[in-house]
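Raw contents of run_31.cif, mmCIF, C-alpha atoms:
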data_data
loop_
_atom_site.label_atom_id
_atom_site.label_comp_id
_atom_site.auth_asym_id
_atom_site.auth_seq_id
_atom_site.Cartn_x
_atom_site.Cartn_y
_atom_site.Cartn_z
CA MET A 1 156.61 44.17 -208.15
CA MET A 2 159.96 43.29 -209.66
CA TYR A 3 158.82 42.99 -213.27
CA LEU A 4 157.27 46.49 -213.44
CA GLU A 5 160.63 48.09 -214.31
CA HIS A 6 161.58 45.15 -216.54
CA PHE A 7 158.56 45.74 -218.78
CA ARG A 8 158.44 49.51 -218.07
CA LEU A 9 154.96 49.28 -216.62
CA THR A 10 153.25 51.95 -214.56
CA GLU A 11 151.10 49.46 -212.64
CA MET A 12 150.32 45.77 -212.33
CA PRO A 13 148.54 44.71 -215.56
CA TYR A 14 147.00 41.56 -214.15
CA SER A 15 146.15 42.57 -210.61
CA LEU A 16 143.16 40.73 -209.13
CA THR A 17 141.84 43.95 -207.59
CA PRO A 18 138.98 45.58 -209.59
CA ASN A 19 141.08 48.36 -211.15
CA THR A 20 138.85 50.25 -213.60
CA THR A 21 141.86 51.83 -215.36
CA LEU A 22 142.55 48.36 -216.76
CA TYR A 23 138.93 47.82 -217.83
CA CYS A 24 138.70 46.18 -221.26
CA SER A 25 135.57 47.01 -223.25
CA LEU A 26 134.85 43.51 -224.54
CA PRO A 27 131.28 42.35 -225.30
CA PRO A 28 130.48 40.49 -222.03
CA HIS A 29 130.96 43.57 -219.89
CA GLU A 30 129.96 46.26 -222.40
CA GLU A 31 126.61 44.60 -223.05
CA ALA A 32 125.89 44.37 -219.33
CA LEU A 33 127.09 47.94 -218.68
CA GLU A 34 124.90 49.38 -221.43
CA THR A 35 121.87 47.43 -220.20
CA LEU A 36 122.37 48.63 -216.62
CA LEU A 37 122.82 52.27 -217.58
CA MET A 38 119.74 52.17 -219.80
CA ALA A 39 117.63 50.49 -217.13
CA LEU A 40 118.76 52.92 -214.43
CA GLN A 41 118.00 55.90 -216.63
CA SER A 42 114.48 54.60 -217.19
CA GLY A 43 113.93 54.24 -213.43
CA GLU A 44 113.51 50.45 -213.27
CA GLY A 45 113.24 49.10 -209.74
CA VAL A 46 115.42 45.98 -209.39
CA LEU A 47 118.25 44.90 -211.71
CA LYS A 48 120.35 41.74 -211.50
CA VAL A 49 123.78 40.76 -212.80
CA VAL A 50 124.81 37.13 -212.44
CA GLY A 51 128.15 35.59 -213.35
CA GLU A 52 130.42 32.75 -212.34
CA VAL A 53 133.28 33.34 -209.93
CA GLY A 54 136.03 35.35 -211.62
CA THR A 55 134.01 36.74 -214.54
CA GLY A 56 134.41 40.35 -213.43
CA LYS A 57 131.24 41.27 -211.53
CA THR A 58 133.02 43.51 -209.03
CA LEU A 59 134.99 45.27 -211.78
CA LEU A 60 131.74 45.84 -213.67
CA CYS A 61 130.14 47.21 -210.50
CA ARG A 62 133.02 49.66 -210.00
CA LYS A 63 132.88 50.65 -213.67
CA LEU A 64 129.15 51.28 -213.37
CA LEU A 65 129.76 53.50 -210.34
CA ASN A 66 132.20 55.56 -212.41
CA GLU A 67 129.79 55.86 -215.35
CA LEU A 68 126.66 56.94 -213.48
CA PRO A 69 125.23 60.33 -214.47
CA GLU A 70 125.50 63.15 -211.94
CA HIS A 71 121.83 63.01 -210.97
CA ILE A 72 122.19 59.42 -209.79
CA GLN A 73 123.44 59.06 -206.22
CA PRO A 74 124.93 55.61 -205.62
CA ALA A 75 124.99 53.65 -202.38
CA TYR A 76 127.45 50.76 -202.49
CA ILE A 77 127.57 47.79 -200.13
CA PRO A 78 130.43 45.43 -201.12
CA ASN A 79 129.81 42.73 -198.51
CA PRO A 80 126.08 42.32 -197.86
CA TYR A 81 126.26 39.26 -195.60
CA LEU A 82 124.22 41.26 -193.15
CA GLN A 83 121.04 40.87 -191.17
CA PRO A 84 118.15 43.26 -191.95
CA ASP A 85 119.06 45.71 -189.18
CA GLU A 86 122.71 45.74 -190.29
CA LEU A 87 121.65 46.31 -193.89
CA ARG A 88 119.53 49.28 -192.84
CA TRP A 89 122.45 50.78 -190.93
CA ALA A 90 124.74 50.25 -193.92
CA LEU A 91 122.23 51.94 -196.23
CA ALA A 92 121.79 54.82 -193.78
CA HIS A 93 125.55 55.33 -193.69
CA GLU A 94 125.73 55.34 -197.50
CA LEU A 95 122.95 57.93 -197.61
CA GLY A 96 124.95 60.20 -195.34
CA LEU A 97 122.73 59.83 -192.28
CA GLN A 98 124.33 60.35 -188.89
CA LEU A 99 122.18 58.69 -186.25
CA ASP A 100 122.67 57.85 -182.60
CA SER A 101 123.63 54.27 -181.86
CA ASP A 102 120.52 53.85 -179.71
CA THR A 103 118.22 54.58 -182.69
CA ASN A 104 115.71 51.75 -182.92
CA GLN A 105 114.80 49.95 -186.14
CA LEU A 106 111.55 51.85 -186.64
CA GLN A 107 113.31 55.20 -186.27
CA LEU A 108 116.10 54.00 -188.56
CA THR A 109 113.64 52.95 -191.27
CA GLN A 110 111.76 56.23 -191.00
CA ALA A 111 115.01 58.20 -191.23
CA ILE A 112 116.01 56.31 -194.39
CA GLN A 113 112.60 56.91 -195.95
CA GLN A 114 112.77 60.61 -195.15
CA ARG A 115 116.27 60.85 -196.60
CA LEU A 116 115.15 59.16 -199.83
CA VAL A 117 112.30 61.65 -200.15
CA GLU A 118 114.69 64.56 -199.54
CA LEU A 119 117.09 63.33 -202.22
CA HIS A 120 114.21 62.83 -204.65
CA ASP A 121 113.08 66.41 -204.02
CA GLN A 122 116.65 67.53 -204.81
CA GLY A 123 116.44 65.78 -208.18
CA LYS A 124 118.60 62.87 -207.08
CA GLN A 125 117.95 59.27 -208.06
CA VAL A 126 119.26 56.81 -205.46
CA VAL A 127 120.69 53.48 -206.59
CA LEU A 128 121.82 50.81 -204.13
CA LEU A 129 124.43 48.42 -205.54
CA LEU A 130 125.13 45.19 -203.67
CA ASP A 131 128.08 42.99 -204.56
CA GLU A 132 128.13 39.27 -203.64
CA ALA A 133 124.34 39.43 -203.36
CA GLN A 134 124.03 35.65 -203.22
CA ALA A 135 125.24 35.96 -199.59
CA ILE A 136 122.39 38.20 -198.42
CA PRO A 137 120.19 36.33 -195.92
CA ALA A 138 116.55 35.86 -196.97
CA GLU A 139 115.43 38.34 -194.31
CA GLY A 140 117.82 40.91 -195.73
CA LEU A 141 116.45 40.44 -199.24
CA GLU A 142 112.94 40.97 -197.93
CA ALA A 143 114.02 44.15 -196.13
CA LEU A 144 115.48 45.45 -199.39
CA ARG A 145 112.27 44.64 -201.24
CA LEU A 146 110.29 46.72 -198.77
CA PHE A 147 112.51 49.71 -199.48
CA THR A 148 111.89 49.31 -203.22
CA ASN A 149 108.17 49.76 -202.45
CA LEU A 150 108.83 53.44 -201.82
CA GLU A 151 107.86 55.44 -204.88
CA THR A 152 106.28 58.56 -206.27
CA GLU A 153 103.64 58.49 -208.99
CA ARG A 154 106.42 58.42 -211.59
CA ARG A 155 109.52 56.81 -210.11
CA LYS A 156 110.93 54.53 -207.45
CA LEU A 157 112.72 56.31 -204.61
CA LEU A 158 115.31 53.52 -204.42
CA GLN A 159 116.60 51.36 -207.25
CA LEU A 160 118.43 48.15 -206.53
CA VAL A 161 121.22 46.45 -208.49
CA LEU A 162 122.21 42.94 -207.35
CA PHE A 163 125.57 41.49 -208.42
CA GLY A 164 125.94 37.81 -207.59
CA GLN A 165 127.09 34.32 -208.44
CA PRO A 166 124.67 31.80 -210.01
CA GLU A 167 123.59 30.85 -206.49
CA LEU A 168 121.71 34.15 -206.45
CA ASP A 169 119.29 32.81 -209.05
CA GLN A 170 118.81 29.70 -206.94
CA ARG A 171 118.05 31.89 -203.91
CA LEU A 172 115.56 34.01 -205.83
CA ALA A 173 113.78 30.92 -207.15
CA ASP A 174 112.53 30.24 -203.62
CA LYS A 175 108.80 30.77 -203.26
CA SER A 176 109.29 33.05 -200.26
CA LEU A 177 111.18 35.54 -202.46
CA ARG A 178 108.77 35.56 -205.39
CA GLN A 179 107.72 39.16 -204.73
CA LEU A 180 111.31 40.36 -205.09
CA ARG A 181 111.89 38.08 -208.07
CA GLN A 182 108.88 39.54 -209.90
CA ARG A 183 110.27 43.06 -209.47
CA ILE A 184 113.45 42.26 -211.39
CA SER A 185 112.95 44.16 -214.63
CA PHE A 186 116.35 43.53 -216.24
CA SER A 187 118.74 40.62 -215.78
CA CYS A 188 122.27 40.35 -217.21
CA GLN A 189 124.37 37.20 -217.48
CA LEU A 190 128.15 37.72 -217.45
CA ARG A 191 129.81 35.03 -219.53
CA PRO A 192 133.49 34.06 -219.76
CA LEU A 193 135.59 35.41 -222.61
CA HIS A 194 135.43 33.67 -225.97
CA ARG A 195 138.61 32.37 -227.55
CA HIS A 196 138.90 35.31 -229.97
CA GLU A 197 138.42 37.77 -227.08
CA THR A 198 141.14 36.42 -224.81
CA GLY A 199 144.15 37.62 -226.81
CA PRO A 200 142.85 41.20 -227.14
CA TYR A 201 142.01 41.18 -223.41
CA ILE A 202 145.56 40.12 -222.50
CA HIS A 203 147.14 42.74 -224.77
CA HIS A 204 144.79 45.50 -223.64
CA ARG A 205 145.74 45.00 -219.99
CA MET A 206 149.44 45.31 -220.85
CA LEU A 207 148.88 48.50 -222.84
CA ALA A 208 146.64 49.99 -220.14
CA ALA A 209 149.44 49.34 -217.62
CA GLY A 210 151.91 51.35 -219.72
CA TYR A 211 153.62 48.68 -221.84
CA ARG A 212 154.81 49.92 -225.25
CA GLY A 213 156.92 47.10 -226.64
CA ALA A 214 156.22 44.17 -228.94
CA PRO A 215 153.42 41.87 -227.72
CA VAL A 216 154.63 39.75 -224.81
CA PHE A 217 152.04 37.02 -225.36
CA GLY A 218 151.89 35.53 -228.85
CA SER A 219 148.86 33.89 -230.44
CA LEU A 220 149.80 30.39 -229.28
CA ALA A 221 150.35 31.62 -225.72
CA ALA A 222 146.94 33.34 -225.79
CA ARG A 223 145.26 30.14 -227.01
CA MET A 224 146.90 28.15 -224.23
CA ILE A 225 145.78 30.68 -221.63
CA TYR A 226 142.24 30.63 -223.01
CA ARG A 227 142.03 26.83 -222.83
CA ALA A 228 143.53 26.71 -219.34
CA SER A 229 141.37 29.54 -217.97
CA ARG A 230 138.17 28.57 -219.83
CA GLY A 231 137.92 32.28 -220.58
CA ILE A 232 137.48 33.28 -216.93
CA PRO A 233 139.21 36.67 -216.58
CA ARG A 234 140.46 36.03 -213.04
CA LEU A 235 142.28 32.88 -214.16
CA VAL A 236 143.59 34.65 -217.27
CA ASN A 237 145.05 37.33 -214.97
CA LEU A 238 146.64 34.79 -212.64
CA ILE A 239 148.30 32.87 -215.45
CA CYS A 240 149.54 36.04 -217.16
CA HIS A 241 150.92 37.44 -213.89
CA LYS A 242 152.86 34.24 -213.20
CA THR A 243 154.13 34.18 -216.77
CA LEU A 244 155.46 37.73 -216.45
CA LEU A 245 157.32 36.68 -213.29
CA LEU A 246 158.93 33.87 -215.25
CA CYS A 247 159.84 36.25 -218.07
CA TYR A 248 161.47 38.58 -215.58
CA GLY A 249 163.39 35.71 -214.01
CA LYS A 250 164.83 34.75 -217.40
CA GLY A 251 165.43 38.33 -218.53
CA SER A 252 163.00 37.88 -221.42
CA HIS A 253 160.32 40.15 -222.89
CA GLN A 254 158.54 37.32 -224.68
CA ALA A 255 156.35 34.68 -223.04
CA SER A 256 157.43 31.30 -224.34
CA VAL A 257 155.09 28.33 -224.47
CA ALA A 258 157.19 26.66 -221.77
CA MET A 259 156.73 29.66 -219.46
CA VAL A 260 152.98 29.75 -220.03
CA TRP A 261 152.73 26.02 -219.44
CA GLN A 262 154.65 26.34 -216.17
CA ALA A 263 152.36 29.17 -215.06
CA ILE A 264 149.29 27.10 -215.91
CA ARG A 265 150.52 24.12 -213.92
CA ASP A 266 151.10 26.44 -210.94
CA THR A 267 147.56 27.88 -211.04
CA GLU A 268 144.77 26.33 -208.98
CA ASP A 269 141.59 25.58 -210.94
CA ALA A 270 143.33 25.96 -214.31
CA SER A 271 142.51 23.24 -216.81
CA LEU A 272 145.70 21.37 -217.67
CA LEU A 273 146.41 21.23 -221.37
CA LEU A 274 147.48 18.28 -223.48
CA PRO A 275 151.05 17.08 -222.81
CA ARG A 276 152.17 18.19 -226.28
CA TYR A 277 152.40 21.77 -224.99
CA GLY A 278 154.79 20.91 -222.20
CA GLY A 279 158.45 21.58 -222.80
CA GLN A 280 157.98 23.53 -226.03
CA SER A 281 159.63 26.91 -226.35
#
Reformat the file's structure so that it appears as structure tokens.
Amino acid sequence: MMYLEHFRLTEMPYSLTPNTTLYCSLPPHEEALETLLMALQSGEGVLKVVGEVGTGKTLLCRKLLNELPEHIQPAYIPNPYLQPDELRWALAHELGLQLDSDTNQLQLTQAIQQRLVELHDQGKQVVLLLDEAQAIPAEGLEALRLFTNLETERRKLLQLVLFGQPELDQRLADKSLRQLRQRISFSCQLRPLHRHETGPYIHHRMLAAGYRGAPVFGSLAARMIYRASRGIPRLVNLICHKTLLLCYGKGSHQASVAMVWQAIRDTEDASLLLPRYGGQS
């Protein structure tokens, strides 16, 4: 990207990909991360993280994967819009099973169960993390619940962490899924950033990407970005990225109000600010 050299950056500070090197330890994510790690250590069966689009669920999931203790073996399914048989195959692959394509569902289920027992005997604790869990068909959710039935006298053989949009709660409220719902021992709600958190978030991402100059985004710019983004990190990133492009185009290292306003107007789903911001520098 053209502005990397301009700002002497080592990577894109506001990339929309879940880059854990840019992770900012602000309360919304730290509280959820601590809760998840504590619940996993205690062997709880099903955990749930819900947040609006753009609040950083996938980044949190990747951060959790990086923070897991050595005795926890993760299985990660990023796109679980799968039927029960496809989910079983995906889980088998994550567990390192190599099975013939003509393996039937009963044999597949038995192989997964045996593998979970083997890992338990090796002192491993298996955790299945599913991103975009609101997309899992009802039959898939039921198949996952059946796997969480597997347990020893002391611990579940498979723990489940569901990351999803608020629609996941609506799905789980269905009477047919009450057994799974009742097994959820911990639930985290990812909120947007507060106003006083947005500025530090913006500055942290620049520093994490290698920037060492004076702050590019001043306090007024940060307030504008907060109001336009409603504190949603994905929108904050989009607006900041577009602002940096404008800075580069003008040969500037400071984000003016006019640049931020132009970036906001060019961003879908951003809340437009009051006209008094427009045209100021």
The PyMOL selection byres ((chain A and resi 211) around 7) - which residues does that actually catch in the file I just gave you? List them as a tab-separated table (two decimals) with C-alpha atoms, in the frame of the given file.
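Saved result, out-v8.tsv, follows:
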chain	number	residue	atom	x	y	z
A	7	PHE	CA	158.56	45.74	-218.78
A	8	ARG	CA	158.44	49.51	-218.07
A	9	LEU	CA	154.96	49.28	-216.62
A	206	MET	CA	149.44	45.31	-220.85
A	207	LEU	CA	148.88	48.50	-222.84
A	209	ALA	CA	149.44	49.34	-217.62
A	210	GLY	CA	151.91	51.35	-219.72
A	212	ARG	CA	154.81	49.92	-225.25
A	213	GLY	CA	156.92	47.10	-226.64
>> Counting all atoms listed in the file, which residue out of A:Leu172, A:Met259, A:Leu47, A:Ala90 sits closest to Thr148 in chain A?
In response: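 Looking at the shortest contact to Thr148 in chain A, the residue is A:Leu47.
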> Ala143 in chain A: which residues within 6 Å, counting all atoms listed in the file, same-chain residues fewer than 3 positions away excluded, as an MDAnalysis selection string?
Replying inline: chainID A and resid 84 140 146
>> With the PyMOL selection byres ((chain A and resi 120-135) around 7) as the selection, what would be picked from this file? Answer as a PyMOL selection string, please.
In response: chain A and resi 58+71-81+116-119+136-137+157-165+167-168
>> Would you pick out the contacts of Val236 in chain A at 9 Å or less, using only C-alpha atoms, so that residues sharing its chain but fewer than 5 positions from it are not included, and give the list as a PyMOL selection string?
In response: chain A and resi 14+198+202+225-226+228-231+241
> What does the distance from CA of Leu68 in chain A to CA of Phe186 in chain A come to in Å, to one decimal?
Replying inline: 17.1 Å
>> Within 10 Å of (145.5, 46.5, -214.3) in the file's own coordinates, which protein, DNA or RNA residues have an atom, counting all atoms listed in the file? List them as a ChimeraX atom specification.
In response: /A:10-24,204-210,237
Excluding Met38 in chain A and residues on its chain fewer than 4 positions from it, collect all residues at most 12 Å away from it, counting all atoms listed in the file, and give them as a PDB file with C-alpha atoms, in the frame of the given file.
ATOM      1  CA  GLU A  31     126.610  44.600-223.050  1.00  0.00           C
ATOM      2  CA  ALA A  32     125.890  44.370-219.330  1.00  0.00           C
ATOM      3  CA  LEU A  33     127.090  47.940-218.680  1.00  0.00           C
ATOM      4  CA  GLU A  34     124.900  49.380-221.430  1.00  0.00           C
ATOM      5  CA  SER A  42     114.480  54.600-217.190  1.00  0.00           C
ATOM      6  CA  GLY A  43     113.930  54.240-213.430  1.00  0.00           C
ATOM      7  CA  GLU A  44     113.510  50.450-213.270  1.00  0.00           C
ATOM      8  CA  LEU A  47     118.250  44.900-211.710  1.00  0.00           C
ATOM      9  CA  LEU A  64     129.150  51.280-213.370  1.00  0.00           C
ATOM     10  CA  GLU A  67     129.790  55.860-215.350  1.00  0.00           C
ATOM     11  CA  LEU A  68     126.660  56.940-213.480  1.00  0.00           C
ATOM     12  CA  PRO A  69     125.230  60.330-214.470  1.00  0.00           C
ATOM     13  CA  SER A 185     112.950  44.160-214.630  1.00  0.00           C
ATOM     14  CA  PHE A 186     116.350  43.530-216.240  1.00  0.00           C
TER      15      PHE A 186
END
